[in-house]
file target_15.cif (mmCIF, C-alpha atoms; chains and numbers go by the auth columns)
data_query
#
loop_
_atom_site.group_PDB
_atom_site.id
_atom_site.type_symbol
_atom_site.label_atom_id
_atom_site.label_comp_id
_atom_site.label_asym_id
_atom_site.label_seq_id
_atom_site.Cartn_x
_atom_site.Cartn_y
_atom_site.Cartn_z
_atom_site.B_iso_or_equiv
_atom_site.auth_seq_id
_atom_site.auth_asym_id
ATOM 1 C CA MET A 1 -5.539 17.989 16.975 0.00 1 A
ATOM 2 C CA ARG A 2 -7.119 16.561 13.820 0.00 2 A
ATOM 3 C CA VAL A 3 -8.346 12.989 14.223 0.00 3 A
ATOM 4 C CA GLY A 4 -9.608 10.834 11.382 0.00 4 A
ATOM 5 C CA PHE A 5 -12.157 8.385 12.777 0.00 5 A
ATOM 6 C CA ALA A 6 -12.759 5.560 10.299 0.00 6 A
ATOM 7 C CA MET A 7 -15.545 3.061 10.858 0.00 7 A
ATOM 8 C CA CYS A 8 -15.801 -0.348 9.211 0.00 8 A
ATOM 9 C CA GLY A 9 -18.707 -2.784 9.129 0.00 9 A
ATOM 10 C CA SER A 10 -18.538 -4.484 12.526 0.00 10 A
ATOM 11 C CA PHE A 11 -21.988 -3.085 13.295 0.00 11 A
ATOM 12 C CA CYS A 12 -22.379 -4.899 16.622 0.00 12 A
ATOM 13 C CA THR A 13 -19.698 -2.626 18.104 0.00 13 A
ATOM 14 C CA TYR A 14 -21.183 0.703 17.031 0.00 14 A
ATOM 15 C CA ALA A 15 -22.948 1.235 20.370 0.00 15 A
ATOM 16 C CA GLN A 16 -19.493 1.150 22.006 0.00 16 A
ATOM 17 C CA VAL A 17 -17.671 3.105 19.286 0.00 17 A
ATOM 18 C CA PHE A 18 -19.967 6.085 18.787 0.00 18 A
ATOM 19 C CA PRO A 19 -19.602 7.343 22.389 0.00 19 A
ATOM 20 C CA VAL A 20 -15.825 7.448 21.885 0.00 20 A
ATOM 21 C CA MET A 21 -16.248 9.427 18.658 0.00 21 A
ATOM 22 C CA GLU A 22 -18.507 11.825 20.538 0.00 22 A
ATOM 23 C CA GLU A 23 -16.010 12.160 23.402 0.00 23 A
ATOM 24 C CA LEU A 24 -13.085 12.859 21.068 0.00 24 A
ATOM 25 C CA SER A 25 -15.099 15.416 19.089 0.00 25 A
ATOM 26 C CA LYS A 26 -15.515 17.527 22.237 0.00 26 A
ATOM 27 C CA THR A 27 -11.779 18.262 22.407 0.00 27 A
ATOM 28 C CA HIS A 28 -10.486 17.568 18.880 0.00 28 A
ATOM 29 C CA THR A 29 -11.441 18.120 15.273 0.00 29 A
ATOM 30 C CA VAL A 30 -12.781 14.732 14.226 0.00 30 A
ATOM 31 C CA ILE A 31 -13.256 13.786 10.571 0.00 31 A
ATOM 32 C CA PRO A 32 -15.496 10.716 10.202 0.00 32 A
ATOM 33 C CA ILE A 33 -14.636 8.245 7.447 0.00 33 A
ATOM 34 C CA PHE A 34 -16.938 5.340 6.609 0.00 34 A
ATOM 35 C CA SER A 35 -16.151 2.145 4.754 0.00 35 A
ATOM 36 C CA GLU A 36 -18.529 1.223 1.959 0.00 36 A
ATOM 37 C CA ALA A 37 -20.325 -1.179 4.310 0.00 37 A
ATOM 38 C CA ALA A 38 -20.573 1.380 7.108 0.00 38 A
ATOM 39 C CA TYR A 39 -21.961 3.961 4.693 0.00 39 A
ATOM 40 C CA HIS A 40 -24.474 1.770 2.842 0.00 40 A
ATOM 41 C CA VAL A 41 -25.523 -1.279 4.877 0.00 41 A
ATOM 42 C CA ASP A 42 -28.552 -1.354 7.146 0.00 42 A
ATOM 43 C CA SER A 43 -28.304 -3.982 9.886 0.00 43 A
ATOM 44 C CA ARG A 44 -30.123 -5.067 13.008 0.00 44 A
ATOM 45 C CA PHE A 45 -27.871 -2.558 14.804 0.00 45 A
ATOM 46 C CA GLY A 46 -29.281 0.437 12.899 0.00 46 A
ATOM 47 C CA THR A 47 -29.619 1.953 9.483 0.00 47 A
ATOM 48 C CA ALA A 48 -26.776 3.398 7.457 0.00 48 A
ATOM 49 C CA LEU A 49 -28.551 6.766 7.386 0.00 49 A
ATOM 50 C CA ASP A 50 -28.827 6.773 11.188 0.00 50 A
ATOM 51 C CA HIS A 51 -25.111 6.024 11.527 0.00 51 A
ATOM 52 C CA GLN A 52 -24.216 8.767 9.054 0.00 52 A
ATOM 53 C CA ALA A 53 -26.431 11.260 10.908 0.00 53 A
ATOM 54 C CA LYS A 54 -24.904 10.341 14.263 0.00 54 A
ATOM 55 C CA ALA A 55 -21.344 10.802 12.982 0.00 55 A
ATOM 56 C CA GLU A 56 -22.247 14.145 11.430 0.00 56 A
ATOM 57 C CA ALA A 57 -23.983 15.304 14.618 0.00 57 A
ATOM 58 C CA PHE A 58 -20.897 14.497 16.712 0.00 58 A
ATOM 59 C CA CYS A 59 -18.258 15.731 14.266 0.00 59 A
ATOM 60 C CA GLY A 60 -20.035 18.588 12.527 0.00 60 A
ATOM 61 C CA VAL A 61 -19.247 17.212 9.054 0.00 61 A
ATOM 62 C CA PRO A 62 -20.637 14.279 7.065 0.00 62 A
ATOM 63 C CA PRO A 63 -18.500 11.145 6.813 0.00 63 A
ATOM 64 C CA LEU A 64 -16.023 10.831 3.966 0.00 64 A
ATOM 65 C CA HIS A 65 -17.124 7.730 2.064 0.00 65 A
ATOM 66 C CA THR A 66 -15.404 7.603 -1.323 0.00 66 A
ATOM 67 C CA LEU A 67 -11.894 6.982 -2.572 0.00 67 A
ATOM 68 C CA ALA A 68 -11.794 10.495 -4.026 0.00 68 A
ATOM 69 C CA GLN A 69 -12.672 12.021 -0.650 0.00 69 A
ATOM 70 C CA ALA A 70 -10.089 9.948 1.251 0.00 70 A
ATOM 71 C CA GLU A 71 -7.133 10.296 -1.128 0.00 71 A
ATOM 72 C CA PRO A 72 -6.244 13.954 -0.268 0.00 72 A
ATOM 73 C CA ILE A 73 -5.764 13.089 3.424 0.00 73 A
ATOM 74 C CA GLY A 74 -2.053 12.462 2.901 0.00 74 A
ATOM 75 C CA PRO A 75 -1.091 15.052 0.296 0.00 75 A
ATOM 76 C CA LYS A 76 -2.918 17.798 2.204 0.00 76 A
ATOM 77 C CA LYS A 77 -1.759 16.483 5.616 0.00 77 A
ATOM 78 C CA LEU A 78 -5.332 16.650 6.888 0.00 78 A
ATOM 79 C CA LEU A 79 -4.869 14.429 9.968 0.00 79 A
ATOM 80 C CA ASP A 80 -2.528 14.097 12.915 0.00 80 A
ATOM 81 C CA ILE A 81 -3.740 10.539 13.570 0.00 81 A
ATOM 82 C CA LEU A 82 -6.128 8.072 11.953 0.00 82 A
ATOM 83 C CA VAL A 83 -8.229 5.821 14.185 0.00 83 A
ATOM 84 C CA ILE A 84 -9.903 2.806 12.591 0.00 84 A
ATOM 85 C CA ALA A 85 -12.629 1.628 14.958 0.00 85 A
ATOM 86 C CA PRO A 86 -13.997 -0.915 14.514 0.00 86 A
ATOM 87 C CA CYS A 87 -11.283 -2.428 12.333 0.00 87 A
ATOM 88 C CA THR A 88 -12.617 -5.608 10.746 0.00 88 A
ATOM 89 C CA GLY A 89 -10.677 -8.659 9.608 0.00 89 A
ATOM 90 C CA ASN A 90 -11.263 -7.579 6.015 0.00 90 A
ATOM 91 C CA THR A 91 -9.685 -4.181 6.675 0.00 91 A
ATOM 92 C CA LEU A 92 -6.787 -5.760 8.593 0.00 92 A
ATOM 93 C CA ALA A 93 -6.061 -7.996 5.588 0.00 93 A
ATOM 94 C CA LYS A 94 -6.137 -5.107 3.149 0.00 94 A
ATOM 95 C CA LEU A 95 -3.869 -2.957 5.324 0.00 95 A
ATOM 96 C CA ALA A 96 -1.420 -5.837 5.837 0.00 96 A
ATOM 97 C CA HIS A 97 -1.202 -6.372 2.077 0.00 97 A
ATOM 98 C CA GLY A 98 -1.139 -2.730 0.965 0.00 98 A
ATOM 99 C CA ILE A 99 -4.580 -2.779 -0.659 0.00 99 A
ATOM 100 C CA ALA A 100 -6.284 0.614 -0.822 0.00 100 A
ATOM 101 C CA ASP A 101 -9.557 -0.093 -2.610 0.00 101 A
ATOM 102 C CA GLY A 102 -12.022 1.648 -0.301 0.00 102 A
ATOM 103 C CA PRO A 103 -12.301 4.884 1.671 0.00 103 A
ATOM 104 C CA VAL A 104 -10.853 3.518 4.929 0.00 104 A
ATOM 105 C CA THR A 105 -7.876 1.730 3.402 0.00 105 A
ATOM 106 C CA MET A 106 -7.220 4.680 1.087 0.00 106 A
ATOM 107 C CA ALA A 107 -7.328 7.023 4.090 0.00 107 A
ATOM 108 C CA ALA A 108 -4.742 4.838 5.845 0.00 108 A
ATOM 109 C CA LYS A 109 -2.467 4.574 2.807 0.00 109 A
ATOM 110 C CA SER A 110 -2.684 8.295 2.152 0.00 110 A
ATOM 111 C CA HIS A 111 -2.133 9.198 5.813 0.00 111 A
ATOM 112 C CA LEU A 112 0.837 6.835 6.221 0.00 112 A
ATOM 113 C CA ARG A 113 2.774 8.579 3.455 0.00 113 A
ATOM 114 C CA ASN A 114 3.463 11.321 6.020 0.00 114 A
ATOM 115 C CA GLY A 115 4.770 8.889 8.649 0.00 115 A
ATOM 116 C CA ARG A 116 1.833 9.620 10.944 0.00 116 A
ATOM 117 C CA PRO A 117 0.190 7.076 13.259 0.00 117 A
ATOM 118 C CA VAL A 118 -2.710 4.775 12.469 0.00 118 A
ATOM 119 C CA LEU A 119 -4.520 3.370 15.513 0.00 119 A
ATOM 120 C CA LEU A 120 -6.402 0.094 14.990 0.00 120 A
ATOM 121 C CA ALA A 121 -9.275 -1.073 17.211 0.00 121 A
ATOM 122 C CA VAL A 122 -9.740 -4.700 16.173 0.00 122 A
ATOM 123 C CA SER A 123 -13.156 -6.329 15.926 0.00 123 A
ATOM 124 C CA THR A 124 -13.092 -9.643 14.092 0.00 124 A
ATOM 125 C CA ASN A 125 -14.452 -13.142 14.594 0.00 125 A
ATOM 126 C CA ASP A 126 -11.269 -14.693 13.201 0.00 126 A
ATOM 127 C CA ALA A 127 -8.521 -12.787 15.048 0.00 127 A
ATOM 128 C CA LEU A 128 -7.089 -16.067 16.333 0.00 128 A
ATOM 129 C CA ALA A 129 -7.535 -17.793 12.981 0.00 129 A
ATOM 130 C CA GLY A 130 -7.295 -16.266 9.493 0.00 130 A
ATOM 131 C CA ALA A 131 -6.778 -12.674 10.680 0.00 131 A
ATOM 132 C CA ALA A 132 -3.964 -13.579 13.102 0.00 132 A
ATOM 133 C CA GLU A 133 -1.327 -13.387 10.367 0.00 133 A
ATOM 134 C CA ASN A 134 -2.492 -9.913 9.371 0.00 134 A
ATOM 135 C CA ILE A 135 -2.551 -8.662 12.959 0.00 135 A
ATOM 136 C CA GLY A 136 1.009 -9.959 13.332 0.00 136 A
ATOM 137 C CA LYS A 137 2.154 -8.180 10.183 0.00 137 A
ATOM 138 C CA LEU A 138 0.663 -4.888 11.320 0.00 138 A
ATOM 139 C CA LEU A 139 2.086 -5.227 14.844 0.00 139 A
ATOM 140 C CA ALA A 140 5.522 -5.351 13.242 0.00 140 A
ATOM 141 C CA ARG A 141 4.970 -2.325 10.991 0.00 141 A
ATOM 142 C CA LYS A 142 6.064 1.175 11.741 0.00 142 A
ATOM 143 C CA HIS A 143 3.306 3.736 12.423 0.00 143 A
ATOM 144 C CA TYR A 144 0.625 1.135 13.253 0.00 144 A
ATOM 145 C CA TYR A 145 -0.638 0.971 16.830 0.00 145 A
ATOM 146 C CA PHE A 146 -3.362 -1.103 18.454 0.00 146 A
ATOM 147 C CA VAL A 147 -6.049 -0.414 21.011 0.00 147 A
ATOM 148 C CA PRO A 148 -5.790 -3.216 23.601 0.00 148 A
ATOM 149 C CA PHE A 149 -7.942 -6.183 22.585 0.00 149 A
ATOM 150 C CA GLY A 150 -8.979 -9.590 23.832 0.00 150 A
ATOM 151 C CA GLN A 151 -11.371 -12.479 23.369 0.00 151 A
ATOM 152 C CA ASP A 152 -14.971 -11.343 23.678 0.00 152 A
ATOM 153 C CA ASP A 153 -16.559 -14.812 23.986 0.00 153 A
ATOM 154 C CA ALA A 154 -13.858 -17.438 24.447 0.00 154 A
ATOM 155 C CA LEU A 155 -16.288 -20.361 24.687 0.00 155 A
ATOM 156 C CA GLY A 156 -18.909 -19.322 22.125 0.00 156 A
ATOM 157 C CA LYS A 157 -16.535 -17.732 19.597 0.00 157 A
ATOM 158 C CA PRO A 158 -13.033 -18.985 20.435 0.00 158 A
ATOM 159 C CA THR A 159 -11.239 -17.146 17.617 0.00 159 A
ATOM 160 C CA SER A 160 -13.039 -13.798 18.044 0.00 160 A
ATOM 161 C CA MET A 161 -11.342 -10.723 19.526 0.00 161 A
ATOM 162 C CA VAL A 162 -12.532 -7.163 20.115 0.00 162 A
ATOM 163 C CA ALA A 163 -10.745 -4.014 21.225 0.00 163 A
ATOM 164 C CA ASP A 164 -11.613 -2.263 24.465 0.00 164 A
ATOM 165 C CA PHE A 165 -12.947 0.819 22.685 0.00 165 A
ATOM 166 C CA ARG A 166 -12.981 2.784 25.958 0.00 166 A
ATOM 167 C CA GLN A 167 -9.174 2.823 25.731 0.00 167 A
ATOM 168 C CA ILE A 168 -9.089 4.637 22.380 0.00 168 A
ATOM 169 C CA PRO A 169 -8.318 8.067 23.924 0.00 169 A
ATOM 170 C CA GLN A 170 -5.354 6.717 25.926 0.00 170 A
ATOM 171 C CA ALA A 171 -4.108 4.598 23.014 0.00 171 A
ATOM 172 C CA LEU A 172 -4.395 7.643 20.753 0.00 172 A
ATOM 173 C CA GLU A 173 -2.223 9.762 23.051 0.00 173 A
ATOM 174 C CA ALA A 174 0.384 6.997 23.263 0.00 174 A
ATOM 175 C CA ALA A 175 0.418 6.518 19.469 0.00 175 A
ATOM 176 C CA LEU A 176 0.971 10.245 18.950 0.00 176 A
ATOM 177 C CA GLU A 177 4.047 9.860 21.192 0.00 177 A
ATOM 178 C CA GLY A 178 5.217 6.852 19.151 0.00 178 A
ATOM 179 C CA ARG A 179 4.331 4.343 21.892 0.00 179 A
ATOM 180 C CA GLN A 180 2.147 1.255 21.885 0.00 180 A
ATOM 181 C CA ILE A 181 -0.167 1.327 24.906 0.00 181 A
ATOM 182 C CA GLN A 182 0.336 -1.713 27.153 0.00 182 A
ATOM 183 C CA PRO A 183 -0.794 -4.305 27.820 0.00 183 A
ATOM 184 C CA ILE A 184 -1.914 -4.850 24.245 0.00 184 A
ATOM 185 C CA LEU A 185 -3.705 -8.130 25.031 0.00 185 A
ATOM 186 C CA LEU A 186 -6.480 -8.185 27.585 0.00 186 A
#

call {"tool": "encode", "arguments": {"input": "target_15.cif", "output": "structure tokens"}}
result
Amino acid sequence: MRVGFAMCGSFCTYAQVFPVMEELSKTHTVIPIFSEAAYHVDSRFGTALDHQAKAEAFCGVPPLHTLAQAEPIGPKKLLDILVIAPCTGNTLAKLAHGIADGPVTMAAKSHLRNGRPVLLAVSTNDALAGAAENIGKLLARKHYYFVPFGQDDALGKPTSMVADFRQIPQALEAALEGRQIQPILL
């Protein structure tokens, strides 16, 4: 199976996401795809170059990181499924409104033209505020599936929600069968 594994800029989740990428790459062909932020931004959670090197070490290929690299995904039918983990509020908004102005959103748009599944692993501080509308739109759309998610700090960050990234492999299998893994809310 060919899995696209797109990473957006929720850097605080990378320590949870990279082990899943590594696990999937042991049994599947995994193509890493980085958003502009994931590819270029250094943060207190690591440097962009370190993240790129880690993805390449796990997957055997460097991350796709430009519109031109992501666009052929659909026409060439390069993927069986696209995982976006972490999927930020910014990416959710762009997907919900059909905006394909970066490598991750272009990968999704291109991949969806073939009616193949996109699996979203939410990580956003405003899931229960501004991003709620976009999550709702994508829940109602064909070919979009979600990794189960819940509040990560209900008292300190009452509108924040994060996916249980450990469930990506099970959610991926369900999405390939056209099913949404349940329960979706933790």

call {"tool": "resolve_selection", "arguments": {"input": "target_15.cif", "expression": "the PyMOL selection byres ((chain A and resi 92) around 12)", "output": "JSON, numbers by chain"}}
result
{"A": [8, 84, 85, 86, 87, 88, 89, 90, 91, 93, 94, 95, 96, 97, 98, 99, 100, 104, 105, 108, 118, 119, 120, 121, 122, 123, 124, 126, 127, 130, 131, 132, 133, 134, 135, 136, 137, 138, 139, 144, 146]}

call {"tool": "write_last_selection", "arguments": {"input": "target_15.cif", "atoms": "C-alpha atoms", "output": "PDB file, keeping the file's coordinate frame"}}
result
ATOM      1  CA  CYS A   8     -15.801  -0.348   9.211  1.00  0.00           C
ATOM      2  CA  ILE A  84      -9.903   2.806  12.591  1.00  0.00           C
ATOM      3  CA  ALA A  85     -12.629   1.628  14.958  1.00  0.00           C
ATOM      4  CA  PRO A  86     -13.997  -0.915  14.514  1.00  0.00           C
ATOM      5  CA  CYS A  87     -11.283  -2.428  12.333  1.00  0.00           C
ATOM      6  CA  THR A  88     -12.617  -5.608  10.746  1.00  0.00           C
ATOM      7  CA  GLY A  89     -10.677  -8.659   9.608  1.00  0.00           C
ATOM      8  CA  ASN A  90     -11.263  -7.579   6.015  1.00  0.00           C
ATOM      9  CA  THR A  91      -9.685  -4.181   6.675  1.00  0.00           C
ATOM     10  CA  ALA A  93      -6.061  -7.996   5.588  1.00  0.00           C
ATOM     11  CA  LYS A  94      -6.137  -5.107   3.149  1.00  0.00           C
ATOM     12  CA  LEU A  95      -3.869  -2.957   5.324  1.00  0.00           C
ATOM     13  CA  ALA A  96      -1.420  -5.837   5.837  1.00  0.00           C
ATOM     14  CA  HIS A  97      -1.202  -6.372   2.077  1.00  0.00           C
ATOM     15  CA  GLY A  98      -1.139  -2.730   0.965  1.00  0.00           C
ATOM     16  CA  ILE A  99      -4.580  -2.779  -0.659  1.00  0.00           C
ATOM     17  CA  ALA A 100      -6.284   0.614  -0.822  1.00  0.00           C
ATOM     18  CA  VAL A 104     -10.853   3.518   4.929  1.00  0.00           C
ATOM     19  CA  THR A 105      -7.876   1.730   3.402  1.00  0.00           C
ATOM     20  CA  ALA A 108      -4.742   4.838   5.845  1.00  0.00           C
ATOM     21  CA  VAL A 118      -2.710   4.775  12.469  1.00  0.00           C
ATOM     22  CA  LEU A 119      -4.520   3.370  15.513  1.00  0.00           C
ATOM     23  CA  LEU A 120      -6.402   0.094  14.990  1.00  0.00           C
ATOM     24  CA  ALA A 121      -9.275  -1.073  17.211  1.00  0.00           C
ATOM     25  CA  VAL A 122      -9.740  -4.700  16.173  1.00  0.00           C
ATOM     26  CA  SER A 123     -13.156  -6.329  15.926  1.00  0.00           C
ATOM     27  CA  THR A 124     -13.092  -9.643  14.092  1.00  0.00           C
ATOM     28  CA  ASP A 126     -11.269 -14.693  13.201  1.00  0.00           C
ATOM     29  CA  ALA A 127      -8.521 -12.787  15.048  1.00  0.00           C
ATOM     30  CA  GLY A 130      -7.295 -16.266   9.493  1.00  0.00           C
ATOM     31  CA  ALA A 131      -6.778 -12.674  10.680  1.00  0.00           C
ATOM     32  CA  ALA A 132      -3.964 -13.579  13.102  1.00  0.00           C
ATOM     33  CA  GLU A 133      -1.327 -13.387  10.367  1.00  0.00           C
ATOM     34  CA  ASN A 134      -2.492  -9.913   9.371  1.00  0.00           C
ATOM     35  CA  ILE A 135      -2.551  -8.662  12.959  1.00  0.00           C
ATOM     36  CA  GLY A 136       1.009  -9.959  13.332  1.00  0.00           C
ATOM     37  CA  LYS A 137       2.154  -8.180  10.183  1.00  0.00           C
ATOM     38  CA  LEU A 138       0.663  -4.888  11.320  1.00  0.00           C
ATOM     39  CA  LEU A 139       2.086  -5.227  14.844  1.00  0.00           C
ATOM     40  CA  TYR A 144       0.625   1.135  13.253  1.00  0.00           C
ATOM     41  CA  PHE A 146      -3.362  -1.103  18.454  1.00  0.00           C
TER      42      PHE A 146
END

call {"tool": "resolve_selection", "arguments": {"input": "target_15.cif", "expression": "the PyMOL selection byres ((chain A and resi 183) around 10)", "output": "JSON, numbers by chain"}}
result
{"A": [147, 148, 149, 180, 181, 182, 184, 185, 186]}

call {"tool": "resolve_selection", "arguments": {"input": "target_15.cif", "expression": "the PyMOL selection byres ((chain A and resi 16) around 12)", "output": "list in words"}}
result
Met7, Ser10, Phe11, Cys12, Thr13, Tyr14, Ala15, Val17, Phe18, Pro19, Val20, Met21, Glu22, Glu23, Phe45, Ala85, Pro86, Ala121, Ser123, Val162, Ala163, Asp164, Phe165, Arg166, Gln167 and Ile168 of chain A

call {"tool": "atom_distance", "arguments": {"input": "target_15.cif", "atom1": "atom CA of Leu128 of chain A", "atom2": "atom CA of Val83 of chain A"}}
result
22.0 Å

call {"tool": "residues_around", "arguments": {"input": "target_15.cif", "residues": "Ser25 of chain A", "least_positions_apart": "6", "cutoff": "12 Å", "atoms": "only C-alpha atoms", "output": "NGL selection string"}}
result
:A and (1-5 or 18-19 or 31-32 or 55-61 or 169)

call {"tool": "write_last_selection", "arguments": {"input": "target_15.cif", "atoms": "C-alpha atoms", "output": "PDB file, in the frame of the given file"}}
result
ATOM      1  CA  MET A   1      -5.539  17.989  16.975  1.00  0.00           C
ATOM      2  CA  ARG A   2      -7.119  16.561  13.820  1.00  0.00           C
ATOM      3  CA  VAL A   3      -8.346  12.989  14.223  1.00  0.00           C
ATOM      4  CA  GLY A   4      -9.608  10.834  11.382  1.00  0.00           C
ATOM      5  CA  PHE A   5     -12.157   8.385  12.777  1.00  0.00           C
ATOM      6  CA  PHE A  18     -19.967   6.085  18.787  1.00  0.00           C
ATOM      7  CA  PRO A  19     -19.602   7.343  22.389  1.00  0.00           C
ATOM      8  CA  ILE A  31     -13.256  13.786  10.571  1.00  0.00           C
ATOM      9  CA  PRO A  32     -15.496  10.716  10.202  1.00  0.00           C
ATOM     10  CA  ALA A  55     -21.344  10.802  12.982  1.00  0.00           C
ATOM     11  CA  GLU A  56     -22.247  14.145  11.430  1.00  0.00           C
ATOM     12  CA  ALA A  57     -23.983  15.304  14.618  1.00  0.00           C
ATOM     13  CA  PHE A  58     -20.897  14.497  16.712  1.00  0.00           C
ATOM     14  CA  CYS A  59     -18.258  15.731  14.266  1.00  0.00           C
ATOM     15  CA  GLY A  60     -20.035  18.588  12.527  1.00  0.00           C
ATOM     16  CA  VAL A  61     -19.247  17.212   9.054  1.00  0.00           C
ATOM     17  CA  PRO A 169      -8.318   8.067  23.924  1.00  0.00           C
TER      18      PRO A 169
END

call {"tool": "atom_distance", "arguments": {"input": "target_15.cif", "atom1": "atom CA of Asp152 of chain A", "atom2": "atom CA of Lys54 of chain A"}}
result
25.6 Å
